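Below is input.txt, holding compact mmCIF, C-alpha atoms.
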```txt
# COMPACT_ATOMS: atom_id res chain seq x y z
CA MET A 1 -29.75 9.52 0.60
CA PRO A 2 -26.65 11.73 0.32
CA SER A 3 -24.14 11.31 -2.49
CA VAL A 4 -20.80 9.59 -1.95
CA GLU A 5 -17.97 12.12 -1.60
CA LEU A 6 -14.62 10.46 -2.26
CA ARG A 7 -11.52 12.24 -0.92
CA LYS A 8 -8.84 9.71 -1.56
CA ARG A 9 -8.16 6.20 -2.78
CA ALA A 10 -5.20 3.96 -2.04
CA ILE A 11 -4.01 0.51 -3.04
CA GLN A 12 -1.46 -1.63 -1.26
CA ILE A 13 -0.04 -4.87 -2.61
CA GLU A 14 2.28 -7.35 -0.95
CA GLU A 15 4.11 -10.14 -2.79
CA VAL A 16 5.44 -12.74 -0.38
CA PHE A 17 8.27 -14.91 -1.67
CA HIS A 18 9.02 -16.78 1.56
CA GLU A 19 8.85 -16.39 5.29
CA GLY A 20 11.99 -18.20 6.31
CA GLY A 21 11.11 -21.46 4.51
CA PRO A 22 11.23 -22.64 0.89
CA VAL A 23 10.84 -19.89 -1.71
CA ALA A 24 7.42 -20.09 -3.39
CA THR A 25 7.39 -20.81 -7.13
CA ILE A 26 4.55 -18.32 -7.48
CA PRO A 27 4.67 -15.60 -4.83
CA TYR A 28 1.62 -15.25 -2.58
CA ARG A 29 -0.04 -11.90 -3.10
CA ARG A 30 -2.20 -10.01 -0.67
CA ALA A 31 -3.72 -6.66 -1.52
CA ALA A 32 -6.21 -4.09 -0.32
CA ILE A 33 -7.95 -1.07 -1.76
CA LEU A 34 -9.03 1.77 0.50
CA ALA A 35 -11.48 4.60 -0.13
CA VAL A 36 -11.82 7.59 2.16
CA ILE A 37 -15.29 9.07 1.95
CA LYS A 38 -17.25 11.66 3.86
CA ASN A 39 -19.52 10.20 6.53
CA PRO A 40 -22.85 11.87 5.76
CA PHE A 41 -24.16 11.02 9.25
CA ALA A 42 -21.19 12.28 11.29
CA GLY A 43 -21.90 14.40 14.35
CA ARG A 44 -25.56 13.54 14.84
CA TYR A 45 -27.88 10.59 15.36
CA VAL A 46 -29.74 9.69 12.20
CA GLU A 47 -32.31 6.90 12.45
CA HIS A 48 -32.72 5.92 8.81
CA ILE A 49 -29.32 5.26 7.34
CA VAL A 50 -29.72 2.00 5.46
CA GLY A 51 -30.37 3.66 2.10
CA PHE A 52 -26.74 4.84 2.06
CA SER A 53 -25.74 1.21 1.63
CA ASP A 54 -27.27 1.31 -1.86
CA ASP A 55 -25.45 4.55 -2.63
CA LEU A 56 -22.16 2.80 -1.86
CA LYS A 57 -22.74 0.00 -4.39
CA PRO A 58 -21.13 1.72 -7.44
CA LEU A 59 -18.09 2.66 -5.33
CA GLY A 60 -17.83 -0.93 -4.06
CA LEU A 61 -17.90 -2.37 -7.54
CA GLU A 62 -15.35 0.14 -8.81
CA MET A 63 -13.06 -0.73 -5.88
CA ALA A 64 -13.45 -4.50 -6.38
CA LYS A 65 -12.58 -4.21 -10.07
CA ALA A 66 -9.62 -1.92 -9.41
CA LEU A 67 -8.30 -4.36 -6.82
CA ILE A 68 -8.55 -7.30 -9.24
CA ASP A 69 -6.75 -5.18 -11.85
CA ALA A 70 -4.02 -4.37 -9.34
CA LEU A 71 -3.56 -8.12 -8.82
CA GLY A 72 -3.16 -8.75 -12.54
CA GLY A 73 -6.71 -8.52 -13.87
CA ASP A 74 -7.80 -12.17 -13.74
CA PRO A 75 -10.74 -12.73 -11.35
CA LYS A 76 -9.98 -16.48 -11.38
CA SER A 77 -6.64 -15.86 -9.69
CA ILE A 78 -8.36 -14.52 -6.56
CA GLU A 79 -8.79 -17.11 -3.80
CA GLY A 80 -9.31 -15.16 -0.60
CA TYR A 81 -11.17 -12.03 0.41
CA GLY A 82 -12.20 -9.78 3.28
CA LYS A 83 -13.49 -6.32 4.02
CA GLY A 84 -13.39 -3.67 6.70
CA ALA A 85 -14.20 -0.12 7.71
CA ILE A 86 -12.77 2.50 10.03
CA VAL A 87 -15.32 5.13 11.03
CA GLY A 88 -14.01 8.55 12.05
CA ALA A 89 -14.59 9.68 15.63
CA ALA A 90 -17.70 11.73 14.91
CA GLY A 91 -19.48 8.67 13.56
CA GLU A 92 -20.95 5.44 14.90
CA ILE A 93 -19.86 1.83 14.43
CA GLU A 94 -23.30 1.38 12.84
CA HIS A 95 -22.19 3.61 9.97
CA GLY A 96 -19.38 1.16 9.27
CA ALA A 97 -21.94 -1.63 9.11
CA LEU A 98 -23.36 0.03 6.01
CA TRP A 99 -20.34 -1.37 4.14
CA HIS A 100 -21.31 -5.04 4.66
CA VAL A 101 -23.71 -5.32 1.76
CA PRO A 102 -22.09 -3.11 -0.92
CA GLY A 103 -18.56 -4.29 -0.10
CA GLY A 104 -19.42 -7.97 -0.07
CA TYR A 105 -21.68 -8.10 -3.08
CA ALA A 106 -19.32 -5.96 -5.13
CA MET A 107 -16.54 -8.51 -4.68
CA ARG A 108 -18.85 -11.43 -5.46
CA GLU A 109 -20.02 -9.69 -8.61
CA ALA A 110 -16.52 -8.74 -9.74
CA LEU A 111 -15.26 -12.27 -9.04
CA GLY A 112 -18.11 -13.86 -10.98
CA GLY A 113 -19.61 -15.50 -7.92
CA ALA A 114 -18.11 -16.55 -4.61
CA LEU A 115 -19.89 -18.64 -2.01
CA ALA A 116 -18.37 -17.85 1.36
CA ILE A 117 -19.44 -15.06 3.65
CA VAL A 118 -16.93 -12.18 3.40
CA PRO A 119 -15.19 -11.88 6.78
CA SER A 120 -15.01 -8.35 8.14
CA ALA A 121 -13.70 -6.09 10.86
CA LYS A 122 -14.61 -2.56 11.73
CA LYS A 123 -14.03 0.07 14.36
CA VAL A 124 -14.38 3.72 15.26
CA ALA A 125 -10.98 5.38 15.46
CA GLY A 126 -8.89 8.44 14.76
CA VAL A 127 -6.62 9.52 11.96
CA GLY A 128 -3.84 7.00 11.26
CA ALA A 129 -5.68 4.08 12.86
CA ARG A 130 -4.77 0.62 11.59
CA LEU A 131 -7.24 -2.17 10.91
CA ASP A 132 -6.53 -5.87 10.55
CA VAL A 133 -8.85 -7.01 7.77
CA PRO A 134 -9.60 -10.74 8.09
CA ILE A 135 -9.32 -12.93 5.00
CA THR A 136 -10.85 -16.33 4.20
CA HIS A 137 -11.30 -18.54 1.13
CA ILE A 138 -13.86 -17.09 -1.29
CA ASP A 139 -15.86 -20.32 -1.65
CA ALA A 140 -15.49 -22.15 1.67
CA SER A 141 -14.92 -20.40 4.98
CA TYR A 142 -13.32 -23.46 6.60
CA VAL A 143 -10.38 -23.74 4.21
CA ARG A 144 -7.59 -23.42 6.76
CA SER A 145 -4.74 -22.62 4.40
CA HIS A 146 -6.44 -19.38 3.34
CA PHE A 147 -7.14 -17.85 6.76
CA ASP A 148 -5.11 -14.68 6.80
CA ALA A 149 -5.35 -10.93 7.41
CA ILE A 150 -3.93 -7.75 5.97
CA GLU A 151 -3.20 -4.67 8.00
CA VAL A 152 -4.41 -1.45 6.39
CA GLY A 153 -4.59 2.23 7.26
CA LEU A 154 -3.68 5.69 6.04
CA VAL A 155 -1.72 8.33 7.93
CA ASP A 156 -4.29 11.06 7.28
CA ALA A 157 -7.57 9.19 7.53
CA PRO A 158 -10.24 8.83 8.66
CA ARG A 159 -10.86 12.38 9.80
CA SER A 160 -13.67 12.61 12.33
CA ASP A 161 -16.32 13.16 9.66
CA GLU A 162 -14.99 10.48 7.31
CA MET A 163 -15.07 6.72 6.83
CA LEU A 164 -12.29 4.56 5.45
CA LEU A 165 -13.70 1.61 3.53
CA ALA A 166 -11.51 -1.37 2.65
CA LEU A 167 -11.67 -4.46 0.44
CA ALA A 168 -8.96 -7.12 0.54
CA MET A 169 -8.07 -10.01 -1.76
CA THR A 170 -5.37 -12.69 -1.90
CA THR A 171 -4.15 -15.04 -4.61
CA GLY A 172 -3.81 -18.25 -2.66
CA ALA A 173 -2.84 -19.96 0.55
CA ARG A 174 -0.40 -18.58 3.14
CA VAL A 175 3.13 -18.95 1.82
CA HIS A 176 4.22 -21.80 4.09
CA ASN A 177 0.77 -23.14 5.02
CA ARG A 178 1.05 -26.42 6.90
CA ALA A 179 -1.47 -26.20 9.72
CA GLY A 180 -3.76 -28.87 8.31
CA GLY A 181 -7.55 -28.61 8.09
CA LEU A 182 -9.78 -28.46 5.03
CA LYS A 183 -7.85 -27.92 1.79
CA ALA A 184 -9.06 -25.82 -1.12
CA SER A 185 -8.94 -28.97 -3.29
CA GLU A 186 -11.41 -30.67 -0.92
CA ILE A 187 -14.24 -28.13 -1.17
CA LYS A 188 -17.40 -30.16 -1.85
CA ALA A 189 -20.53 -28.95 -0.15
CA ARG A 190 -20.71 -25.68 -2.09
CA ASP A 191 -22.50 -24.19 0.92
CA GLY A 192 -19.96 -21.45 1.46
CA LEU A 193 -18.49 -23.27 4.44
CA ARG A 194 -16.87 -26.56 3.27
CA MET B 1 20.07 -11.19 -7.81
CA LYS B 2 22.32 -10.64 -4.85
CA ALA B 3 19.40 -9.47 -2.73
CA GLU B 4 17.47 -12.23 -0.93
CA ILE B 5 13.98 -10.78 -1.11
CA ARG B 6 11.38 -12.08 1.33
CA LYS B 7 8.62 -9.81 0.13
CA LEU B 8 7.78 -6.85 -2.03
CA ALA B 9 5.00 -4.34 -1.37
CA THR B 10 3.55 -1.51 -3.39
CA PHE B 11 1.47 1.39 -2.13
CA VAL B 12 -0.41 3.88 -4.31
CA GLU B 13 -2.30 6.92 -3.07
CA GLU B 14 -4.57 9.08 -5.17
CA THR B 15 -5.90 12.31 -3.63
CA ARG B 16 -9.09 13.64 -5.17
CA GLU B 17 -10.04 16.28 -2.61
CA GLU B 18 -8.07 18.29 -0.09
CA GLY B 19 -9.27 21.11 2.13
CA GLY B 20 -12.78 20.70 0.78
CA ARG B 21 -11.70 21.44 -2.78
CA ALA B 22 -11.47 18.98 -5.64
CA VAL B 23 -7.97 18.01 -6.81
CA ASP B 24 -8.28 17.65 -10.58
CA PRO B 25 -6.34 15.84 -11.89
CA PRO B 26 -5.79 13.90 -8.66
CA THR B 27 -2.28 13.89 -7.18
CA ARG B 28 -0.75 10.42 -7.20
CA ARG B 29 2.23 8.88 -5.53
CA ALA B 30 3.53 5.36 -5.17
CA ALA B 31 6.06 3.61 -3.01
CA ALA B 32 7.63 0.22 -3.66
CA VAL B 33 9.21 -1.58 -0.74
CA ALA B 34 11.50 -4.62 -0.62
CA VAL B 35 12.16 -6.64 2.52
CA ILE B 36 15.54 -8.33 2.21
CA LYS B 37 17.90 -10.37 4.32
CA ASN B 38 20.67 -8.31 5.89
CA PRO B 39 23.80 -10.31 5.01
CA PHE B 40 25.76 -8.55 7.77
CA ALA B 41 23.25 -8.73 10.62
CA GLY B 42 24.75 -9.50 13.99
CA ARG B 43 28.40 -8.94 13.08
CA TYR B 44 30.70 -6.07 12.19
CA VAL B 45 31.85 -6.25 8.58
CA GLU B 46 34.20 -3.61 7.25
CA ASP B 47 33.55 -3.93 3.52
CA LEU B 48 29.94 -3.13 2.67
CA SER B 49 30.23 -3.46 -1.10
CA GLU B 50 27.73 -6.36 -1.21
CA LEU B 51 25.06 -4.04 0.18
CA MET B 52 26.04 -1.36 -2.34
CA ASP B 53 25.41 -3.85 -5.17
CA ILE B 54 22.09 -4.80 -3.60
CA GLY B 55 21.20 -1.11 -3.57
CA GLU B 56 21.86 -0.93 -7.29
CA GLU B 57 19.57 -3.91 -7.96
CA LEU B 58 16.81 -2.56 -5.77
CA GLY B 59 17.01 0.95 -7.25
CA GLY B 60 16.01 -0.45 -10.64
CA LEU B 61 13.48 -3.00 -9.38
CA LEU B 62 11.63 -0.68 -6.99
CA THR B 63 11.49 2.20 -9.46
CA GLU B 64 10.00 -0.08 -12.12
CA LYS B 65 7.44 -1.32 -9.58
CA ALA B 66 6.47 2.20 -8.53
CA ILE B 67 6.02 3.60 -12.03
CA ALA B 68 4.11 0.49 -13.05
CA ALA B 69 1.82 1.01 -10.06
CA LEU B 70 1.24 4.61 -11.17
CA GLY B 71 0.68 3.41 -14.74
CA ILE B 72 2.99 6.07 -16.18
CA ALA B 73 6.07 6.13 -18.38
CA GLY B 74 9.22 6.88 -16.40
CA ASP B 75 9.69 10.32 -17.92
CA ARG B 76 6.31 11.42 -16.54
CA ALA B 77 7.52 11.09 -12.94
CA GLU B 78 7.88 14.42 -11.13
CA SER B 79 9.36 13.73 -7.72
CA TYR B 80 11.16 10.98 -5.88
CA GLY B 81 12.61 9.82 -2.60
CA LYS B 82 14.16 6.79 -0.91
CA ALA B 83 14.43 5.34 2.57
CA ALA B 84 15.54 2.27 4.48
CA ALA B 85 14.87 0.71 7.87
CA VAL B 86 17.40 -1.74 9.29
CA GLY B 87 16.26 -4.48 11.68
CA GLU B 88 17.58 -4.56 15.22
CA ASN B 89 20.63 -6.74 14.48
CA GLY B 90 21.98 -4.38 11.81
CA GLU B 91 23.78 -1.07 11.64
CA LEU B 92 22.56 2.24 10.31
CA GLU B 93 25.58 2.10 8.04
CA HIS B 94 23.99 -0.90 6.29
CA ALA B 95 21.09 1.35 5.25
CA ALA B 96 23.57 3.94 4.07
CA ALA B 97 25.42 1.36 1.96
CA ILE B 98 22.20 0.38 0.21
CA LEU B 99 20.85 3.89 -0.30
CA HIS B 100 23.76 6.12 -1.21
CA PRO B 101 26.53 4.71 -3.40
CA LYS B 102 24.68 2.93 -6.22
CA LEU B 103 20.89 3.03 -5.81
CA GLY B 104 20.38 6.34 -7.61
CA ALA B 105 21.77 5.54 -11.07
CA PRO B 106 19.14 2.91 -12.02
CA VAL B 107 16.39 5.14 -10.58
CA ARG B 108 17.46 7.96 -12.88
CA LYS B 109 17.78 5.58 -15.81
CA ALA B 110 14.20 4.36 -15.33
CA LEU B 111 12.95 7.97 -15.14
CA SER B 112 15.05 9.15 -18.14
CA LYS B 113 16.31 12.03 -16.01
CA GLY B 114 16.79 13.08 -12.42
CA ALA B 115 19.25 15.89 -11.99
CA ALA B 116 18.36 16.45 -8.34
CA LEU B 117 19.66 14.63 -5.29
CA ILE B 118 17.25 11.87 -4.25
CA PRO B 119 16.14 12.88 -0.74
CA SER B 120 16.45 10.08 1.80
CA SER B 121 15.81 8.97 5.35
CA LYS B 122 16.94 5.97 7.34
CA LYS B 123 16.47 4.42 10.74
CA ARG B 124 16.74 1.22 12.73
CA GLY B 125 13.57 -0.32 14.05
CA GLY B 126 11.41 -3.36 14.64
CA PRO B 127 8.52 -4.84 12.66
CA GLY B 128 5.88 -2.22 11.97
CA VAL B 129 8.27 0.72 12.13
CA THR B 130 7.14 3.62 9.93
CA LEU B 131 9.32 5.04 7.20
CA ASP B 132 8.68 8.63 6.19
CA ILE B 133 10.13 8.82 2.70
CA PRO B 134 11.04 12.42 1.87
CA LEU B 135 10.02 13.61 -1.60
CA GLY B 136 11.57 16.27 -3.80
CA HIS B 137 11.32 17.24 -7.47
CA LYS B 138 13.55 14.97 -9.54
CA ASP B 139 15.15 17.68 -11.66
CA ALA B 140 15.30 20.69 -9.36
CA ALA B 141 15.46 20.26 -5.59
CA PHE B 142 14.18 23.79 -4.94
CA VAL B 143 10.75 23.26 -6.53
CA ARG B 144 8.66 24.09 -3.48
CA SER B 145 5.38 22.56 -4.65
CA HIS B 146 6.99 19.11 -4.65
CA PHE B 147 8.47 18.99 -1.14
CA ASP B 148 6.47 16.25 0.49
CA GLY B 149 6.73 12.92 2.28
CA MET B 150 5.06 9.54 2.11
CA GLU B 151 4.67 7.23 5.06
CA VAL B 152 4.91 3.48 4.53
CA ARG B 153 4.96 0.58 6.94
CA LEU B 154 4.63 -3.19 6.95
CA ASN B 155 3.43 -4.82 10.14
CA ASP B 156 5.85 -7.77 9.79
CA ALA B 157 9.03 -6.02 8.73
CA PRO B 158 11.88 -5.50 9.25
CA ARG B 159 12.62 -8.58 11.32
CA ALA B 160 15.88 -8.46 13.28
CA ASN B 161 18.01 -9.76 10.40
CA GLU B 162 16.28 -7.87 7.62
CA ILE B 163 16.39 -4.50 5.88
CA MET B 164 13.36 -2.76 4.42
CA VAL B 165 14.17 -0.56 1.40
CA ALA B 166 11.71 1.89 -0.18
CA VAL B 167 11.60 4.05 -3.30
CA ALA B 168 8.78 6.57 -3.77
CA ILE B 169 7.79 8.15 -7.09
CA THR B 170 5.03 10.67 -7.85
CA ASP B 171 3.42 12.10 -10.95
CA SER B 172 2.60 15.37 -9.15
CA GLY B 173 3.37 17.68 -6.23
CA ARG B 174 1.20 18.44 -3.20
CA PRO B 175 -2.50 19.06 -3.77
CA HIS B 176 -3.28 22.83 -4.05
CA PRO B 177 0.33 24.10 -3.64
CA ARG B 178 0.31 27.79 -2.72
CA VAL B 179 3.35 28.60 -0.62
CA GLY B 180 5.30 30.16 -3.47
CA GLY B 181 8.89 29.39 -4.37
CA LEU B 182 10.30 27.94 -7.55
CA LYS B 183 7.62 26.46 -9.83
CA LYS B 184 8.02 23.37 -11.93
CA ASP B 185 7.57 25.31 -15.18
CA GLU B 186 10.53 27.53 -14.20
CA ILE B 187 13.00 24.64 -13.88
CA LYS B 188 16.27 24.85 -15.75
CA GLY B 189 17.11 21.32 -14.64
CA VAL B 190 20.85 21.56 -15.08
CA ASP B 191 22.41 21.75 -11.64
CA GLY B 192 19.73 19.68 -9.90
CA LEU B 193 18.81 22.58 -7.68
CA ARG B 194 16.82 25.09 -9.82
```

Structure re-expressed in structure tokens:
Amino acid sequence: MPSVELRKRAIQIEEVFHEGGPVATIPYRRAAILAVIKNPFAGRYVEHIVGFSDDLKPLGLEMAKALIDALGGDPKSIEGYGKGAIVGAAGEIEHGALWHVPGGYAMREALGGALAIVPSAKKVAGVGARLDVPITHIDASYVRSHFDAIEVGLVDAPRSDEMLLALAMTTGARVHNRAGGLKASEIKARDGLR
Amino acid sequence: MKAEIRKLATFVEETREEGGRAVDPPTRRAAAVAVIKNPFAGRYVEDLSELMDIGEELGGLLTEKAIAALGIAGDRAESYGKAAAVGENGELEHAAAILHPKLGAPVRKALSKGAALIPSSKKRGGPGVTLDIPLGHKDAAFVRSHFDGMEVRLNDAPRANEIMVAVAITDSGRPHPRVGGLKKDEIKGVDGLR
């Protein structure tokens, strides 16, 4: 499979102190790391693409570690995660699907294990497109306080023959969470859901 | 702090390839953004000195955030810029009061120097509005390789009664500069221009 050609990397971090209600003692943080790479399959139909998923594994791990570092370096402080991809216009949505395995397993490895499926979003779009990356609790998908999303995108990417790959992490529940449902303190089944 | 901060965000971009050619070392730039309450939203207030003091606080805070995100000492910074977006219930003059009278001094203090004018832009807008922060060399405004801009946006800011304030810092100019003009190694750095 082709090598991974990285053009650009970006990190965005948000620290939320309040959203009109009581000021949080510890601000809620939400962050994403983006990598813009060349899409080796752009402009033509290629049947066998799955091997490129393996090629993306080192990049995924590097991104997951850099994102944890950007959030202070302690994997234990990470409570939510998500991933996404924007495929440039000369590519297929299927190319974005190649990010599922390397993106997800990289975060699990860097976090020292995480049980829940990593929620994801992807699309084919032009330069400057925005993507809402969904976020859920890392160990139990049903934890309602941790459902969130982070909007990502770069003005100059993805070009038509590129892909923008994203990983997202958060450090806790939404800042004024009060919509009920399963709490993080009630996770029992250890099945990734509850 | 006089500023009532709802959230802070940091963006870092690292360009490793441009025009098909490697950028080595990569060019890096960072922007730190604060979303604050506009104390004068919805009413005409003659004396804007409270916003001027807020500008002074944010100049220091956002510069520290940006250089920390770049992982550099302040004196390694090469260019800078600032910008503000006022929510719909505020005046453009509120952005001016934050940006112009007092914000620059703490920026320059954090960078050890900064003889040049800090280029700026401002606008009024709703949540998700984009800010294009102009960038110029910090010691000599005529350094052509460092004229640039960085776009930042937050999907949930500024709300009607908020102001979004941004400071951008780089450790480099554009990738592959080749349009001539004054070079950074020719700077005298006395008058802020050359």

Starting from chain A, keep only residues with some atom at most 12 Å from an atom of chain B, counting only C-alpha atoms, and report them as JSON, numbers by chain. {"A": [5, 6, 7, 8, 9, 10, 11, 12, 13, 14, 15, 16, 17, 18, 19, 20, 21, 22, 23, 24, 27, 28, 29, 30, 31, 32, 33, 34, 35, 36, 37, 38, 66, 67, 69, 70, 71, 72, 128, 130, 131, 132, 149, 150, 151, 152, 153, 154, 155, 156, 157, 159, 175]}

I need the chosen residues saved as an mmCIF file, keeping the file's coordinate frame, with C-alpha atoms.
```cif
data_model
loop_
_atom_site.group_PDB
_atom_site.id
_atom_site.type_symbol
_atom_site.label_atom_id
_atom_site.label_comp_id
_atom_site.auth_asym_id
_atom_site.auth_seq_id
_atom_site.Cartn_x
_atom_site.Cartn_y
_atom_site.Cartn_z
ATOM 1 C CA GLU A 5 -17.970 12.120 -1.600
ATOM 2 C CA LEU A 6 -14.620 10.460 -2.260
ATOM 3 C CA ARG A 7 -11.520 12.240 -0.920
ATOM 4 C CA LYS A 8 -8.840 9.710 -1.560
ATOM 5 C CA ARG A 9 -8.160 6.200 -2.780
ATOM 6 C CA ALA A 10 -5.200 3.960 -2.040
ATOM 7 C CA ILE A 11 -4.010 0.510 -3.040
ATOM 8 C CA GLN A 12 -1.460 -1.630 -1.260
ATOM 9 C CA ILE A 13 -0.040 -4.870 -2.610
ATOM 10 C CA GLU A 14 2.280 -7.350 -0.950
ATOM 11 C CA GLU A 15 4.110 -10.140 -2.790
ATOM 12 C CA VAL A 16 5.440 -12.740 -0.380
ATOM 13 C CA PHE A 17 8.270 -14.910 -1.670
ATOM 14 C CA HIS A 18 9.020 -16.780 1.560
ATOM 15 C CA GLU A 19 8.850 -16.390 5.290
ATOM 16 C CA GLY A 20 11.990 -18.200 6.310
ATOM 17 C CA GLY A 21 11.110 -21.460 4.510
ATOM 18 C CA PRO A 22 11.230 -22.640 0.890
ATOM 19 C CA VAL A 23 10.840 -19.890 -1.710
ATOM 20 C CA ALA A 24 7.420 -20.090 -3.390
ATOM 21 C CA PRO A 27 4.670 -15.600 -4.830
ATOM 22 C CA TYR A 28 1.620 -15.250 -2.580
ATOM 23 C CA ARG A 29 -0.040 -11.900 -3.100
ATOM 24 C CA ARG A 30 -2.200 -10.010 -0.670
ATOM 25 C CA ALA A 31 -3.720 -6.660 -1.520
ATOM 26 C CA ALA A 32 -6.210 -4.090 -0.320
ATOM 27 C CA ILE A 33 -7.950 -1.070 -1.760
ATOM 28 C CA LEU A 34 -9.030 1.770 0.500
ATOM 29 C CA ALA A 35 -11.480 4.600 -0.130
ATOM 30 C CA VAL A 36 -11.820 7.590 2.160
ATOM 31 C CA ILE A 37 -15.290 9.070 1.950
ATOM 32 C CA LYS A 38 -17.250 11.660 3.860
ATOM 33 C CA ALA A 66 -9.620 -1.920 -9.410
ATOM 34 C CA LEU A 67 -8.300 -4.360 -6.820
ATOM 35 C CA ASP A 69 -6.750 -5.180 -11.850
ATOM 36 C CA ALA A 70 -4.020 -4.370 -9.340
ATOM 37 C CA LEU A 71 -3.560 -8.120 -8.820
ATOM 38 C CA GLY A 72 -3.160 -8.750 -12.540
ATOM 39 C CA GLY A 128 -3.840 7.000 11.260
ATOM 40 C CA ARG A 130 -4.770 0.620 11.590
ATOM 41 C CA LEU A 131 -7.240 -2.170 10.910
ATOM 42 C CA ASP A 132 -6.530 -5.870 10.550
ATOM 43 C CA ALA A 149 -5.350 -10.930 7.410
ATOM 44 C CA ILE A 150 -3.930 -7.750 5.970
ATOM 45 C CA GLU A 151 -3.200 -4.670 8.000
ATOM 46 C CA VAL A 152 -4.410 -1.450 6.390
ATOM 47 C CA GLY A 153 -4.590 2.230 7.260
ATOM 48 C CA LEU A 154 -3.680 5.690 6.040
ATOM 49 C CA VAL A 155 -1.720 8.330 7.930
ATOM 50 C CA ASP A 156 -4.290 11.060 7.280
ATOM 51 C CA ALA A 157 -7.570 9.190 7.530
ATOM 52 C CA ARG A 159 -10.860 12.380 9.800
ATOM 53 C CA VAL A 175 3.130 -18.950 1.820
#
```

Tell me, in Å to one decimal, how far atom CA of Leu165 of chain A is from atom CA of Pro25 of chain B. 22.2 Å

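As for atom CA of Gly84 of chain A and atom CA of Ala97 of chain A, they are spaced 9.1 Å apart.
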
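Between atom CA of Ile187 of chain B and atom CA of Pro175 of chain B the separation is 19.3 Å.
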
Excluding Gly82 of chain A and its own-chain neighbours fewer than 6 positions away, which residues fall within 12 Å of it when counting all atoms listed in the file? Please give them as a PyMOL selection string. chain A and resi 30-33+64+99-100+103-108+114+116-122+131-138+141+146-152+165-170

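Every protein, DNA or RNA residue with an atom at most 12 Å from Ile72 of chain B, where only C-alpha atoms count and chain neighbours fewer than 4 positions away do not, is listed here: Arg28, Arg29, Ala30, Thr63, Glu64, Lys65, Ala66, Ile67, Ala68, Arg76, Ala77, Glu78, Ala110, Leu111, Ile169, Thr170, Asp171 and Ser172 of chain B.
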
In the coordinate frame of the file, compute which residues have an atom within 12 Å of (20.2, 11.6, 1.1) when using all atoms listed in the file, and state them as a list in words. Tyr80, Gly81, Lys82, Ala83, Ala84, Ala95, Ala96, Ala97, Ile98, Leu99, His100, Pro101, Leu103, Gly104, Ala116, Leu117, Ile118, Pro119, Ser120, Ser121, Lys122, Ile133, Pro134, Leu135, Gly136 and Ala141 of chain B

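With all atoms listed in the file as the basis for measurement, B:Met52 is the residue among B:Ala157, B:Met52, B:Leu70, B:Val129 that approaches Ala105 of chain B most closely.
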
Within 7 Å of Ser145 of chain A, counting all atoms listed in the file, which residues qualify if same-chain residues fewer than 4 places away don't, as a VMD selection string? chain A and resid 173 to 174 177 183

Should you be able to, write segment 6-17 of chain A of this structure into a file that contains N, CA and C atoms, as a compact mmCIF listing (two decimals), in the first residue's frame.
```
# COMPACT_ATOMS: atom_id res chain seq x y z
N LEU A 6 1.84 13.30 4.81
CA LEU A 6 1.20 14.29 5.69
C LEU A 6 1.53 15.70 5.22
N ARG A 7 0.50 16.51 4.94
CA ARG A 7 0.75 17.91 4.56
C ARG A 7 0.70 18.83 5.77
N LYS A 8 -0.19 18.57 6.66
CA LYS A 8 -0.43 19.55 7.71
C LYS A 8 -1.10 18.90 8.91
N ARG A 9 -0.83 19.43 10.07
CA ARG A 9 -1.46 18.95 11.29
C ARG A 9 -2.01 20.14 12.06
N ALA A 10 -3.09 19.96 12.75
CA ALA A 10 -3.65 21.08 13.53
C ALA A 10 -4.29 20.55 14.80
N ILE A 11 -4.25 21.36 15.84
CA ILE A 11 -4.88 20.99 17.11
C ILE A 11 -5.77 22.13 17.53
N GLN A 12 -6.97 21.83 17.98
CA GLN A 12 -7.82 22.87 18.55
C GLN A 12 -8.31 22.42 19.92
N ILE A 13 -8.27 23.35 20.87
CA ILE A 13 -8.68 23.03 22.23
C ILE A 13 -9.66 24.08 22.71
N GLU A 14 -10.73 23.65 23.32
CA GLU A 14 -11.68 24.57 23.94
C GLU A 14 -11.73 24.28 25.43
N GLU A 15 -11.74 25.34 26.23
CA GLU A 15 -11.93 25.22 27.68
C GLU A 15 -13.22 25.95 27.99
N VAL A 16 -14.21 25.24 28.49
CA VAL A 16 -15.51 25.86 28.74
C VAL A 16 -15.68 26.10 30.23
N PHE A 17 -15.84 27.35 30.61
CA PHE A 17 -15.98 27.71 32.02
C PHE A 17 -17.44 27.70 32.45
```
